[in-house]
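Report on the following structure.
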Amino acid sequence: ARLTDEIASDLRETLKIIRKMSTQENPDPLVLADLNGKLHAMIATASGNRYIVEYTRNIRLKLKVVRTTLFSSFDRRNVEISEHEKVIEAVLSGDQSLARRRMWEHEMEVLEYLRNSVLNKIY
């Protein structure tokens with residue numbers, strides 16, 4: 001509801017960069033994870049809620065290894081980009097309900113991937 005034209009433009013541009021980098025033969029998962037974090041930060045900033053901005057920043061810092069792992073997997077990287085596209089499209093449309101639902105779906109998919117492909121190998 002509080003999305004500015006500047007943030008909308010930045011979201012589109014960042015997503016475009018992520019898509020382009022992901023098509024490279026060996027994209028750097030650290031760079032992709034940082035760009036992923038940037039997308040999430042922009043959405044948090046657009047909320048206009050400083051607590052959400054701070055909370056999501058803290059989570060991103062604590063989970064940097066996990067976020068990097070997500071972009072190390074070719075299959076998950078493509079799914080991640082597709083999910084981000086859906087979230088960004090919903091945010092840009094102004095449909096708050098759809099944006100919330102798409103973000104929730106994205107979060108659940110990430111958790112499922114972590115359970116099945118990361119955590120079971122660690123523990």
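By order of appearance in the structure tokens: chains A, B, ..., then residues from 1 within every chain, and ligands from 1 in the order shown.
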Subject >> region 11-23 of chain A surroundings by only C-alpha atoms, 7 Å radius, close-in-sequence under 5 positions cut, as a ChimeraX atom specification >> reply: /A:32,35,39
If you keep N, CA and C atoms, can you produce a file of those selected residues as an mmCIF file, in the first residue's frame?
```
data_model
loop_
_atom_site.group_PDB
_atom_site.id
_atom_site.type_symbol
_atom_site.label_atom_id
_atom_site.label_comp_id
_atom_site.auth_asym_id
_atom_site.auth_seq_id
_atom_site.Cartn_x
_atom_site.Cartn_y
_atom_site.Cartn_z
ATOM 1 N N LEU A 32 24.137 -13.471 -5.634
ATOM 2 C CA LEU A 32 22.698 -13.716 -5.773
ATOM 3 C C LEU A 32 21.992 -13.641 -4.419
ATOM 4 N N LEU A 35 21.610 -10.006 -3.560
ATOM 5 C CA LEU A 35 20.540 -9.397 -4.346
ATOM 6 C C LEU A 35 19.169 -9.862 -3.836
ATOM 7 N N LEU A 39 16.089 -7.491 -2.457
ATOM 8 C CA LEU A 39 14.663 -7.538 -2.796
ATOM 9 C C LEU A 39 13.804 -7.542 -1.533
#
```
Original post:
Nearest to Val87 (chain A) among A:Ile52, A:Met103, A:Asn26, A:Leu119, with distances taken over only C-alpha atoms: which residue is it?
Top reply: A:Met103
**OP:** Quick one: pull the distance between CA of Arg101 (chain A) and CA of Pro27 (chain A), Å, one decimal.
**Re:**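 According to the coordinates, CA of Arg101 (chain A) and CA of Pro27 (chain A) are separated by 29.3 Å.
Each of A:Ser82, A:Gln96, A:Asn116, A:Thr68 was compared to Asp34 (chain A) using only C-alpha atoms, and A:Thr68 turns out to be the nearest.
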Subject >> CA of Asn78 (chain A) to CA of Arg2 (chain A), distance in Å rounded to a single decimal >> reply: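 Calculated distance between CA of Asn78 (chain A) and CA of Arg2 (chain A) is 28.8 Å.
Residue nearest Arg77 (chain A), chosen from A:Pro29, A:Val65, A:Asn120, A:His106 and counting only C-alpha atoms: A:Pro29.
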**OP:** Could you give me, as a ChimeraX atom specification, the residues within 8 Å of region 53-63 of chain A, counting only C-alpha atoms and dropping anything in the same chain fewer than 3 positions from it?
**Re:** /A:37,40-41,44-45,49-50,66-67
**OP:** as JSON, numbers by chain, please: all residues of region 7-71 of chain A that backbone DSSP puts in helix (DSSP H, G or I).
**Re:** {"A": [7, 8, 9, 10, 11, 12, 13, 14, 15, 16, 17, 18, 19, 20, 21, 22, 29, 30, 31, 32, 33, 34, 35, 36, 37, 38, 39, 40, 41, 42, 43, 44, 45, 46, 50, 51, 52, 53, 54, 55, 56, 57, 58, 59, 60, 61, 62, 64, 65, 66, 67, 68, 69, 70, 71]}
**OP:** Provide the CA of Ile7 (chain A) to CA of Glu85 (chain A) distance in Å, to one decimal place.
**Re:** 15.1 Å
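Between Asp5 (chain A) and the residues A:Arg100, A:Met42, A:Glu112, A:Asp95, the shortest atom-to-atom distance, using only C-alpha atoms, involves A:Met42.
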